[in-house]
Amino acid sequence: NAGVMQNPRHLVRRRGQEARLRCSPMKGHSHVYWYRQLPEEGLKFMVYLQKENIIDESGMPKERFSAEFPKEGPSILRIQQVVRGDSAAYFCASSPVPGQNTEAFFGQGTRLTVV
Amino acid sequence: KQEVTQIPAALSVPEGENLVLNCSFTDSAIYNLQWFRQDPGKGLTSLLLIQSSQREQTSGRLNASLDKSSGRSTLYIAASQPGDSATYLCAVKVDQAGTALIFGKGTTLSVSS
């Protein structure tokens with residue numbers, strides 16, 4: 001089991017470009033969460049998805065940001081028209097069906113730098 | 001609104017010391033609490049998960065306790081080693097329905113040899 005895989009590990013974009021971040025959950029996990037970690041800040045929840053469904057997007061900015069988790073393939077976090085303030089580490093976590101003893105497993109993150 | 005606070009923000013100790021990291025949360029109605037370790041530039045590694053009905057969990061030199069009524073958890077590290085140097089994050093899950101974790105800002109630990 002390869003764990004949660006995120007790619008790319010590092011991404012540099014110019015202001016106004018699009019950023020696509022990919023997350024492949026652990027085998028057997030159908031729940032994916034995206035978090036953002038700004039410098040000197042804690043991790044903040046962005047969006048929670050199950051296969052083909054967005055369950056909770058309360059932490060995601062209303063504009064420029066979108067997420068999907070298709071039936072086949074990885075989950076994608078998409079940031080359109082990036083700005084310098086989008087520079088951060090973006091982490092994906094996956095879990096099986098949530099339960100009280102269910103751990104969240106995190107990927108290595110994608111570090112986005114907007115220049 | 002649930003908030004998680006970790007004190008201290010940074011801690012430096014000599015090798016061999018036992019130490020305690022603190023985590024507090026404002027709403028005692030949590031589902032579980034998880035401690036993570038994050039190395040610089042890396043992802044998060046889960047250390048211990050405590051269910052809301054449990055008081056503590058142990059793994060090797062690590063022991064995590066939970067006092068829901070007072071909104072506190074502690075992570076005890078015995079006989080610290082330089083390899084323990086990292087940022088330790090505390091996170092709570094507030095209900096069952098697959099909700100996300102709410103994180104503290106972490107305690108950055110440095111263990112000198």
# chains A, B, ... in the order shown; residues from 1 in each chain; ligands from 1
call {"tool": "closest_atom_pairs", "arguments": {"of": "chain B", "to": "chain A", "cutoff": "9 Å", "atoms": "only C-alpha atoms", "output": "JSON lines"}}
result
{"residue": "B:Tyr31", "atom": "CA", "partner": "A:Gln100", "partner_atom": "CA", "distance": 6.4}
{"residue": "B:Asn32", "atom": "CA", "partner": "A:Gln100", "partner_atom": "CA", "distance": 6.3}
{"residue": "B:Gln34", "atom": "CA", "partner": "A:Glu103", "partner_atom": "CA", "distance": 7.8}
{"residue": "B:Gly41", "atom": "CA", "partner": "A:Gln108", "partner_atom": "CA", "distance": 8.3}
{"residue": "B:Lys42", "atom": "CA", "partner": "A:Gln108", "partner_atom": "CA", "distance": 5.5}
{"residue": "B:Gly43", "atom": "CA", "partner": "A:Gln108", "partner_atom": "CA", "distance": 3.9}
{"residue": "B:Leu44", "atom": "CA", "partner": "A:Phe106", "partner_atom": "CA", "distance": 5.7}
{"residue": "B:Thr45", "atom": "CA", "partner": "A:Phe106", "partner_atom": "CA", "distance": 7.0}
{"residue": "B:Ser46", "atom": "CA", "partner": "A:Phe105", "partner_atom": "CA", "distance": 7.0}
{"residue": "B:Leu48", "atom": "CA", "partner": "A:Glu103", "partner_atom": "CA", "distance": 8.8}
{"residue": "B:Leu49", "atom": "CA", "partner": "A:Glu103", "partner_atom": "CA", "distance": 6.9}
{"residue": "B:Ile50", "atom": "CA", "partner": "A:Asn101", "partner_atom": "CA", "distance": 7.7}
{"residue": "B:Gln51", "atom": "CA", "partner": "A:Gln100", "partner_atom": "CA", "distance": 5.9}
{"residue": "B:Ser52", "atom": "CA", "partner": "A:Gln100", "partner_atom": "CA", "distance": 7.8}
{"residue": "B:Leu89", "atom": "CA", "partner": "A:Gly42", "partner_atom": "CA", "distance": 8.6}
{"residue": "B:Asp95", "atom": "CA", "partner": "A:Gln100", "partner_atom": "CA", "distance": 8.9}
{"residue": "B:Gln96", "atom": "CA", "partner": "A:Gly99", "partner_atom": "CA", "distance": 6.5}
{"residue": "B:Ala97", "atom": "CA", "partner": "A:Pro98", "partner_atom": "CA", "distance": 6.9}
{"residue": "B:Gly98", "atom": "CA", "partner": "A:Pro98", "partner_atom": "CA", "distance": 5.2}
{"residue": "B:Thr99", "atom": "CA", "partner": "A:Tyr48", "partner_atom": "CA", "distance": 7.6}
{"residue": "B:Ala100", "atom": "CA", "partner": "A:Phe45", "partner_atom": "CA", "distance": 6.5}
{"residue": "B:Leu101", "atom": "CA", "partner": "A:Phe45", "partner_atom": "CA", "distance": 7.2}
{"residue": "B:Ile102", "atom": "CA", "partner": "A:Lys44", "partner_atom": "CA", "distance": 7.2}
{"residue": "B:Phe103", "atom": "CA", "partner": "A:Leu43", "partner_atom": "CA", "distance": 6.0}
{"residue": "B:Gly104", "atom": "CA", "partner": "A:Gly42", "partner_atom": "CA", "distance": 5.9}
{"residue": "B:Lys105", "atom": "CA", "partner": "A:Gly42", "partner_atom": "CA", "distance": 4.2}
{"residue": "B:Gly106", "atom": "CA", "partner": "A:Gly42", "partner_atom": "CA", "distance": 7.1}
call {"tool": "write_last_selection", "arguments": {"atoms": "C-alpha atoms", "output": "PDB file, in the first residue's frame"}}
result
ATOM      1  CA  TYR B  31     -15.427  12.610  18.448  1.00  0.00           C
ATOM      2  CA  ASN B  32     -11.749  11.815  18.639  1.00  0.00           C
ATOM      3  CA  GLN B  34      -5.274  12.727  16.908  1.00  0.00           C
ATOM      4  CA  GLY B  41       8.966  20.175   4.316  1.00  0.00           C
ATOM      5  CA  LYS B  42       7.203  16.861   4.813  1.00  0.00           C
ATOM      6  CA  GLY B  43       3.710  15.544   5.313  1.00  0.00           C
ATOM      7  CA  LEU B  44       1.992  14.517   8.523  1.00  0.00           C
ATOM      8  CA  THR B  45       2.578  11.213  10.254  1.00  0.00           C
ATOM      9  CA  SER B  46      -0.137   9.986  12.585  1.00  0.00           C
ATOM     10  CA  LEU B  48      -1.777   8.377  18.229  1.00  0.00           C
ATOM     11  CA  LEU B  49      -5.558   8.552  18.006  1.00  0.00           C
ATOM     12  CA  ILE B  50      -7.712   8.742  21.135  1.00  0.00           C
ATOM     13  CA  GLN B  51     -11.410   8.070  20.884  1.00  0.00           C
ATOM     14  CA  SER B  52     -13.705  10.331  22.907  1.00  0.00           C
ATOM     15  CA  LEU B  89       0.268  18.788  15.813  1.00  0.00           C
ATOM     16  CA  ASP B  95     -18.546  14.658  15.001  1.00  0.00           C
ATOM     17  CA  GLN B  96     -19.014  11.326  13.317  1.00  0.00           C
ATOM     18  CA  ALA B  97     -20.182  12.317   9.904  1.00  0.00           C
ATOM     19  CA  GLY B  98     -16.792  12.380   8.279  1.00  0.00           C
ATOM     20  CA  THR B  99     -16.069  15.947   9.211  1.00  0.00           C
ATOM     21  CA  ALA B 100     -12.610  17.307   8.892  1.00  0.00           C
ATOM     22  CA  LEU B 101      -9.978  17.675  11.567  1.00  0.00           C
ATOM     23  CA  ILE B 102      -9.442  20.988  13.331  1.00  0.00           C
ATOM     24  CA  PHE B 103      -5.760  21.566  13.967  1.00  0.00           C
ATOM     25  CA  GLY B 104      -3.702  23.509  16.437  1.00  0.00           C
ATOM     26  CA  LYS B 105      -0.685  25.430  15.167  1.00  0.00           C
ATOM     27  CA  GLY B 106       1.700  22.911  16.630  1.00  0.00           C
TER      28      GLY B 106
END
call {"tool": "residues_around", "arguments": {"residues": "segment 57-66 of chain B", "least_positions_apart": "4", "cutoff": "9 Å", "atoms": "only C-alpha atoms", "output": "PDB file with C-alpha atoms, in the first residue's frame"}}
result
ATOM      1  CA  LEU B  33      -8.360  13.502  18.934  1.00  0.00           C
ATOM      2  CA  TRP B  35      -1.618  13.646  17.409  1.00  0.00           C
ATOM      3  CA  LEU B  47       1.216   9.164  16.047  1.00  0.00           C
ATOM      4  CA  LEU B  48      -1.777   8.377  18.229  1.00  0.00           C
ATOM      5  CA  LEU B  49      -5.558   8.552  18.006  1.00  0.00           C
ATOM      6  CA  ILE B  50      -7.712   8.742  21.135  1.00  0.00           C
ATOM      7  CA  GLN B  51     -11.410   8.070  20.884  1.00  0.00           C
ATOM      8  CA  SER B  52     -13.705  10.331  22.907  1.00  0.00           C
ATOM      9  CA  GLY B  71     -10.830  20.260  27.019  1.00  0.00           C
ATOM     10  CA  ARG B  72      -7.240  19.070  27.268  1.00  0.00           C
ATOM     11  CA  SER B  73      -4.882  16.516  25.845  1.00  0.00           C
ATOM     12  CA  THR B  74      -1.209  15.960  26.551  1.00  0.00           C
ATOM     13  CA  LEU B  75       1.449  14.130  24.593  1.00  0.00           C
ATOM     14  CA  TYR B  76       4.155  12.708  26.813  1.00  0.00           C
ATOM     15  CA  ILE B  77       7.477  11.790  25.207  1.00  0.00           C
ATOM     16  CA  ALA B  78       9.802   9.697  27.327  1.00  0.00           C
ATOM     17  CA  ALA B  79      13.582   9.738  27.049  1.00  0.00           C
ATOM     18  CA  SER B  80      13.656  12.210  24.165  1.00  0.00           C
TER      19      SER B  80
END
call {"tool": "residues_around", "arguments": {"residues": "Pro8 of chain B", "least_positions_apart": "2", "cutoff": "10 Å", "atoms": "only C-alpha atoms", "output": "MDAnalysis selection string"}}
result
chainID B and resid 5:6 10:11 20:23 106:109
call {"tool": "select_by_dssp", "arguments": {"residues": "chain B", "states": "strand (DSSP E)", "output": "number ranges by chain"}}
result
B: 4-7, 10-14, 19-25, 32-38, 44-51, 56-59, 62-67, 72-77, 86-93, 101-103, 107-112
call {"tool": "atom_distance", "arguments": {"atom1": "atom CA of Leu21 of chain A", "atom2": "atom CA of Pro39 of chain A"}}
result
18.6 Å
call {"tool": "atom_distance", "arguments": {"atom1": "atom CA of Ile79 of chain A", "atom2": "atom CA of Glu52 of chain A"}}
result
18.8 Å
call {"tool": "residues_around", "arguments": {"residues": "Arg20 of chain A", "least_positions_apart": "4", "cutoff": "8 Å", "atoms": "only C-alpha atoms", "output": "list in words"}}
result
Ile76, Leu77, Arg78 and Ile79 of chain A
call {"tool": "atom_distance", "arguments": {"atom1": "atom CA of Arg64 of chain A", "atom2": "atom CA of Arg14 of chain A"}}
result
14.9 Å
